[in-house]
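Note sheet for the following structure.
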Amino acid sequence: MKKWLIVGVTILGMVCCSGTLAKVGVFIPGLLLFCYICSRTTRLSAEQYREGFYNKVVLLCGASSGIGEELAYQLASKHCQLVLVARTEAKLLRVKEGALKAGSPRVEVISYDFSNVKKCVSTVLYKTIELYGRLDYLILNHGLMPNGPFLGFPKQQDPEFIQKIYNVNVFSYIQLATHAIPHLELTGGHIHVTSSMAGEIPQIIGGLYCATKHSKNGFFYSLQQELIHKRSKVSLNIGAFGLIVTREMKDVIMKKMNMPKFLQGDLKRCVQVILDNLVRRERTITFPPTNIAFRFNWYLNPFFHEFFLAGITDYNSLVKNHTTIHEQSAKTGYQKGSS
């Protein structure tokens with residue numbers, strides 16, 4: 001039954017793309033698949049959570065705000081032992097206090113800027129092994145998000161700036177994951193990689209960001225295949241997240257974006273989905289689920305660019321809006337360094 005449903009959805013998508021319905025009809029197969037996936041998702045039992053998380057050692061990178069901060073609190077409530085990593089120590093100490101209150105038996109913090117790739121393994125990963133003697137989960141969630149049209153912001157075209165973004169968003173991920181695998185083999189551990197729908201779908205306001213996410217997806221899906229083929233005890237999943245409404249996003253970016261509510265993801269629910277998938281060890285997390293329709297639209301709709309750009313303001317206004325966002329970010333400290 002499942003096989004024929006998938007075949008039917010694929011054929012319907014091809015039919016929609018071949019005619020005049022291409023601009024809108026491609027949503028039909030996406031929404032059908034969305035309903036199919038949602039129908040098979042059930043919450044885990046208390047015993048499954050306990051088996052998956054109780055007293056496990058979690059290295060959480062990018063823990064000072066947003067998804068990472070909420071992950072720290074929810075993992076703490078499951079009695080995980082945590083190592084929290086981010087650039088700003090003061091923010092980490094605040095999250096540590098919250099995680100201890102939430103129920104974690106032990107929380108350590110490491111202040112580190114992931115633009116320095118060469119020392120991230122020794123300073124972050126090996127320090128975690130030294131502190132706890134083992135590793136059960138590696139959660140790679142840190143990142144920088146340069147936004148605005150690439151040609152409209154000369155700073156984004158600077159090779160040193162591009163190198164920094166790639167160091168944080170891609171190269172540090174590769175180094176940490178590669179060197180963590182031998183330790184995770186000993187515990188049958190798991191790697192979670194926070195990525196984005198920007199790793200699949202282009203965005204006029206995030207060319208450089210999309211580039212790093214595509215790079216990340218290319219490497220980690222290939223690594224996922226390699227781990228499966230060599231029958232590794234280590235599993236890996238990748239989070240394809242859309243716009244998750246964090247406190248920082250709400251304060252700095254959301255005021256300037258005209259994003260429909262149904263495409264916005266709730267932060268707490270997003271983290272609940274991540275935790276469920278850390279236990280289930282499924283290979284991809286798509287959240288919010290409505291992004292499945294966007295994925296189908298990109299892969300099957302030859303007029304995707306026209307569809308995507310139809311709701312966006314003219315180019316000069318777009319640059320002006322993101323100039324304002326950059327100014328507000330500078331005032332709040334949002335995205336000054338790796339989160």
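Please note that chains go A, B, ... in the order of the structure tokens, that every chain numbers its residues from 1, and that ligands are numbered from 1 in the order shown.
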Selection near A:Ala72, 9 Å with only C-alpha atoms, sequence-local residues under 6 positions removed, as an NGL selection string: :A and (60 or 63-64 or 82 or 84 or 95-96 or 98-99)
Mind writing the picked residues with N, CA, C and O atoms as a short mmCIF file (atom, residue, chain, number, x, y, z; two decimals), in the first residue's frame?
```cif
data_model
loop_
_atom_site.label_atom_id
_atom_site.label_comp_id
_atom_site.auth_asym_id
_atom_site.auth_seq_id
_atom_site.Cartn_x
_atom_site.Cartn_y
_atom_site.Cartn_z
N LEU A 60 26.56 19.31 23.02
CA LEU A 60 25.61 20.17 22.30
C LEU A 60 26.32 21.46 21.88
O LEU A 60 26.62 22.32 22.71
N ALA A 63 24.68 26.14 21.84
CA ALA A 63 23.72 25.92 22.93
C ALA A 63 23.26 27.20 23.62
O ALA A 63 22.50 27.13 24.58
N SER A 64 23.68 28.36 23.15
CA SER A 64 23.43 29.57 23.93
C SER A 64 22.12 30.27 23.58
O SER A 64 21.68 31.18 24.30
N LEU A 82 25.26 17.02 30.20
CA LEU A 82 25.46 17.92 29.07
C LEU A 82 26.82 18.59 29.05
O LEU A 82 27.37 18.93 30.11
N LEU A 84 27.76 22.02 27.07
CA LEU A 84 27.19 23.10 26.27
C LEU A 84 28.32 23.93 25.68
O LEU A 84 29.21 24.38 26.40
N VAL A 95 22.26 29.42 30.39
CA VAL A 95 21.62 28.19 29.94
C VAL A 95 21.96 27.03 30.88
O VAL A 95 21.10 26.19 31.18
N LYS A 96 23.18 27.00 31.36
CA LYS A 96 23.59 25.96 32.31
C LYS A 96 22.70 25.99 33.54
O LYS A 96 22.22 24.93 34.01
N GLY A 98 19.67 27.10 33.80
CA GLY A 98 18.35 26.61 33.44
C GLY A 98 18.32 25.10 33.25
O GLY A 98 17.34 24.44 33.61
N ALA A 99 19.39 24.53 32.69
CA ALA A 99 19.46 23.10 32.47
C ALA A 99 19.54 22.33 33.79
O ALA A 99 18.93 21.27 33.94
#
```
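Within 7 Å of stretch 318-322 of chain A there are Gly148, Pro149, Gly152, Lys256 and Thr313 of chain A, counting only C-alpha atoms and ignoring same-chain residues fewer than 5 positions away.
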Secondary structure check, alpha helix (DSSP H) residues of stretch 85-189 of chain A, as a VMD selection string: chain A and resid 89 to 102 120 126 to 132 159 to 166 172 to 187
Given the selection you just returned, output its residues as a file containing C-alpha atoms, formatted as a short mmCIF file (atom, residue, chain, number, x, y, z; two decimals), in the first residue's frame.
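This went into selection.cif:
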```cif
data_model
loop_
_atom_site.label_atom_id
_atom_site.label_comp_id
_atom_site.auth_asym_id
_atom_site.auth_seq_id
_atom_site.Cartn_x
_atom_site.Cartn_y
_atom_site.Cartn_z
CA GLU A 89 30.38 32.29 28.12
CA ALA A 90 27.86 34.53 29.90
CA LYS A 91 25.02 33.14 27.76
CA LEU A 92 26.24 29.60 28.33
CA LEU A 93 26.23 30.05 32.10
CA ARG A 94 22.63 31.27 31.94
CA VAL A 95 21.62 28.19 29.94
CA LYS A 96 23.59 25.96 32.31
CA GLU A 97 21.61 27.30 35.26
CA GLY A 98 18.35 26.61 33.44
CA ALA A 99 19.46 23.10 32.47
CA LEU A 100 20.36 22.21 36.05
CA LYS A 101 16.97 23.44 37.22
CA ALA A 102 15.33 21.36 34.47
CA CYS A 120 37.78 22.68 17.73
CA TYR A 126 38.46 15.76 23.41
CA LYS A 127 37.64 17.96 26.39
CA THR A 128 34.19 16.34 26.55
CA ILE A 129 35.74 12.86 26.53
CA GLU A 130 38.17 13.98 29.24
CA LEU A 131 35.29 15.28 31.40
CA TYR A 132 32.90 12.34 31.05
CA PRO A 159 36.84 35.95 0.68
CA GLU A 160 37.75 36.19 4.38
CA PHE A 161 34.10 36.57 5.34
CA ILE A 162 33.13 33.61 3.13
CA GLN A 163 35.90 31.55 4.71
CA LYS A 164 34.62 32.37 8.20
CA ILE A 165 31.06 31.34 7.33
CA TYR A 166 32.27 28.05 5.86
CA SER A 172 33.91 22.58 12.02
CA TYR A 173 30.97 20.17 11.59
CA ILE A 174 33.07 17.83 9.47
CA GLN A 175 35.99 17.87 11.90
CA LEU A 176 33.89 17.25 15.00
CA ALA A 177 31.82 14.47 13.41
CA THR A 178 34.83 12.70 11.92
CA HIS A 179 36.76 12.61 15.18
CA ALA A 180 33.69 11.80 17.29
CA ILE A 181 32.80 8.64 15.35
CA PRO A 182 35.41 6.37 17.05
CA HIS A 183 34.06 7.41 20.46
CA LEU A 184 30.44 7.02 19.38
CA GLU A 185 31.21 3.52 18.06
CA LEU A 186 31.94 2.49 21.63
CA THR A 187 28.50 3.57 22.85
#
```
Who sits within 10 Å of A:Leu208, only C-alpha atoms, same chain under 3 positions skipped, as a ChimeraX atom specification: /A:145-150,156-157,162,165-166,203-205,211-214
Take the residues from that selection and put them in a file with C-alpha atoms, as a PDB file, in the first residue's frame.
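See result21.pdb below for the written result:
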```
ATOM      1  CA  MET A 145      23.337  33.054   9.111  1.00  0.00           C
ATOM      2  CA  PRO A 146      24.388  35.850   6.754  1.00  0.00           C
ATOM      3  CA  ASN A 147      21.228  37.223   5.196  1.00  0.00           C
ATOM      4  CA  GLY A 148      20.362  39.623   2.406  1.00  0.00           C
ATOM      5  CA  PRO A 149      20.849  39.461  -1.380  1.00  0.00           C
ATOM      6  CA  PHE A 150      24.447  38.449  -2.070  1.00  0.00           C
ATOM      7  CA  GLN A 156      29.407  38.941   1.868  1.00  0.00           C
ATOM      8  CA  GLN A 157      31.634  38.830  -1.209  1.00  0.00           C
ATOM      9  CA  ILE A 162      33.127  33.615   3.130  1.00  0.00           C
ATOM     10  CA  ILE A 165      31.061  31.339   7.333  1.00  0.00           C
ATOM     11  CA  TYR A 166      32.274  28.048   5.858  1.00  0.00           C
ATOM     12  CA  GLN A 203      16.680  31.755  -1.416  1.00  0.00           C
ATOM     13  CA  ILE A 204      17.394  35.200  -2.823  1.00  0.00           C
ATOM     14  CA  ILE A 205      18.049  36.518   0.696  1.00  0.00           C
ATOM     15  CA  ALA A 211      25.692  27.453  -0.138  1.00  0.00           C
ATOM     16  CA  THR A 212      26.967  26.298   3.258  1.00  0.00           C
ATOM     17  CA  LYS A 213      23.797  24.307   3.953  1.00  0.00           C
ATOM     18  CA  HIS A 214      24.000  22.579   0.564  1.00  0.00           C
TER      19      HIS A 214
END
```
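Counting only C-alpha atoms, A:Val279 has the following residues at most 12 Å away, ignoring those fewer than 4 positions along the same chain: A:Arg43, A:Leu44, A:Ser45, A:Ala46, A:Glu47, A:Gln48, A:Tyr49, A:Arg50, A:Glu51, A:Gly52, A:Phe53, A:Tyr54, A:Lys56, A:Leu75, A:Asp136, A:Tyr137, A:Gly188, A:Gly189, A:His190, A:Ile191, A:His192, A:Ser235, A:Leu236, A:Asn237, A:Gln272, A:Val273, A:Ile274, A:Leu275, A:Arg283.
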Sel. of strand (DSSP E or B) residues, stretch 136-218 of chain A, as a ChimeraX atom specification: /A:137-140,190-194
Using only all heavy atoms, please write the residues we just selected to a file, as a compact mmCIF listing (two decimals), in the first residue's frame.
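part.txt was written with the following content:
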```txt
# COMPACT_ATOMS: atom_id res chain seq x y z
N TYR A 137 25.81 11.27 22.41
CA TYR A 137 25.20 12.07 21.35
C TYR A 137 26.10 13.26 21.02
O TYR A 137 26.58 13.95 21.93
CB TYR A 137 23.84 12.63 21.79
CG TYR A 137 22.74 11.61 21.94
CD1 TYR A 137 22.40 11.12 23.20
CD2 TYR A 137 22.03 11.14 20.83
CE1 TYR A 137 21.38 10.20 23.36
CE2 TYR A 137 21.00 10.23 20.98
CZ TYR A 137 20.68 9.75 22.25
OH TYR A 137 19.67 8.83 22.39
N LEU A 138 26.29 13.48 19.74
CA LEU A 138 26.94 14.71 19.25
C LEU A 138 25.88 15.50 18.50
O LEU A 138 25.36 15.03 17.48
CB LEU A 138 28.11 14.39 18.32
CG LEU A 138 28.73 15.58 17.60
CD1 LEU A 138 29.34 16.57 18.58
CD2 LEU A 138 29.78 15.11 16.57
N ILE A 139 25.54 16.68 19.00
CA ILE A 139 24.54 17.52 18.35
C ILE A 139 25.24 18.76 17.79
O ILE A 139 25.76 19.59 18.54
CB ILE A 139 23.43 17.93 19.33
CG1 ILE A 139 22.70 16.68 19.85
CG2 ILE A 139 22.45 18.89 18.67
CD1 ILE A 139 21.58 16.96 20.82
N LEU A 140 25.28 18.84 16.47
CA LEU A 140 25.95 19.94 15.77
C LEU A 140 24.88 20.94 15.35
O LEU A 140 24.17 20.73 14.36
CB LEU A 140 26.71 19.39 14.57
CG LEU A 140 27.82 18.38 14.92
CD1 LEU A 140 28.38 17.73 13.66
CD2 LEU A 140 28.93 19.04 15.73
N HIS A 190 25.06 8.54 18.44
CA HIS A 190 24.29 9.16 17.37
C HIS A 190 24.78 10.60 17.13
O HIS A 190 25.15 11.31 18.07
CB HIS A 190 22.81 9.19 17.75
CG HIS A 190 21.92 9.78 16.70
ND1 HIS A 190 21.56 9.10 15.57
CD2 HIS A 190 21.31 10.98 16.62
CE1 HIS A 190 20.76 9.86 14.83
NE2 HIS A 190 20.61 11.02 15.45
N ILE A 191 24.74 11.02 15.85
CA ILE A 191 25.08 12.39 15.47
C ILE A 191 23.83 13.05 14.90
O ILE A 191 23.18 12.50 14.01
CB ILE A 191 26.19 12.42 14.40
CG1 ILE A 191 27.47 11.74 14.91
CG2 ILE A 191 26.49 13.86 13.97
CD1 ILE A 191 28.51 11.52 13.83
N HIS A 192 23.51 14.23 15.42
CA HIS A 192 22.44 15.04 14.83
C HIS A 192 23.06 16.28 14.21
O HIS A 192 23.85 16.98 14.84
CB HIS A 192 21.41 15.48 15.87
CG HIS A 192 20.49 16.55 15.35
ND1 HIS A 192 19.44 16.28 14.52
CD2 HIS A 192 20.51 17.90 15.53
CE1 HIS A 192 18.83 17.42 14.20
NE2 HIS A 192 19.46 18.42 14.80
N VAL A 193 22.70 16.55 12.96
CA VAL A 193 23.20 17.71 12.23
C VAL A 193 22.03 18.66 11.96
O VAL A 193 21.08 18.29 11.27
CB VAL A 193 23.85 17.30 10.89
CG1 VAL A 193 24.27 18.53 10.10
CG2 VAL A 193 25.03 16.37 11.14
N THR A 194 22.09 19.85 12.53
CA THR A 194 21.07 20.85 12.24
C THR A 194 21.39 21.49 10.89
O THR A 194 22.39 22.16 10.73
CB THR A 194 21.03 21.95 13.33
OG1 THR A 194 20.58 21.36 14.56
CG2 THR A 194 20.08 23.07 12.93
```
Surrounding residues of A:Gly103 excluding itself and chain neighbours under 6 positions, 7 Å, only C-alpha atoms, as an NGL selection string: :A and (76-77 or 79)
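Atom pair atom CA of A:Lys268 / atom CA of A:Lys78 has a distance of 14.7 Å (rounded to one decimal).
Among A:Leu227, A:Ile244, A:Met197, A:Ile312, the residue with the shortest atom-to-atom distance to A:Thr284, counting only C-alpha atoms, is A:Met197.
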Near-A:Ile285 list (7 Å; only C-alpha atoms; drop same-chain fewer than 6 positions) as a list in words: Ile238, Gly239 and Ala240 of chain A
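Interatomic distance, atom CA of A:Pro288 against atom CA of A:Ser195: 13.1 Å.
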Length of the atom CA of A:Gly311 to atom CA of A:Val271 vector [Å]: 29.2 Å
Option closest in space to A:Asn116, from A:Ser232, A:Gln81, A:Ser104, A:Asn167 [counting only C-alpha atoms]: A:Asn167
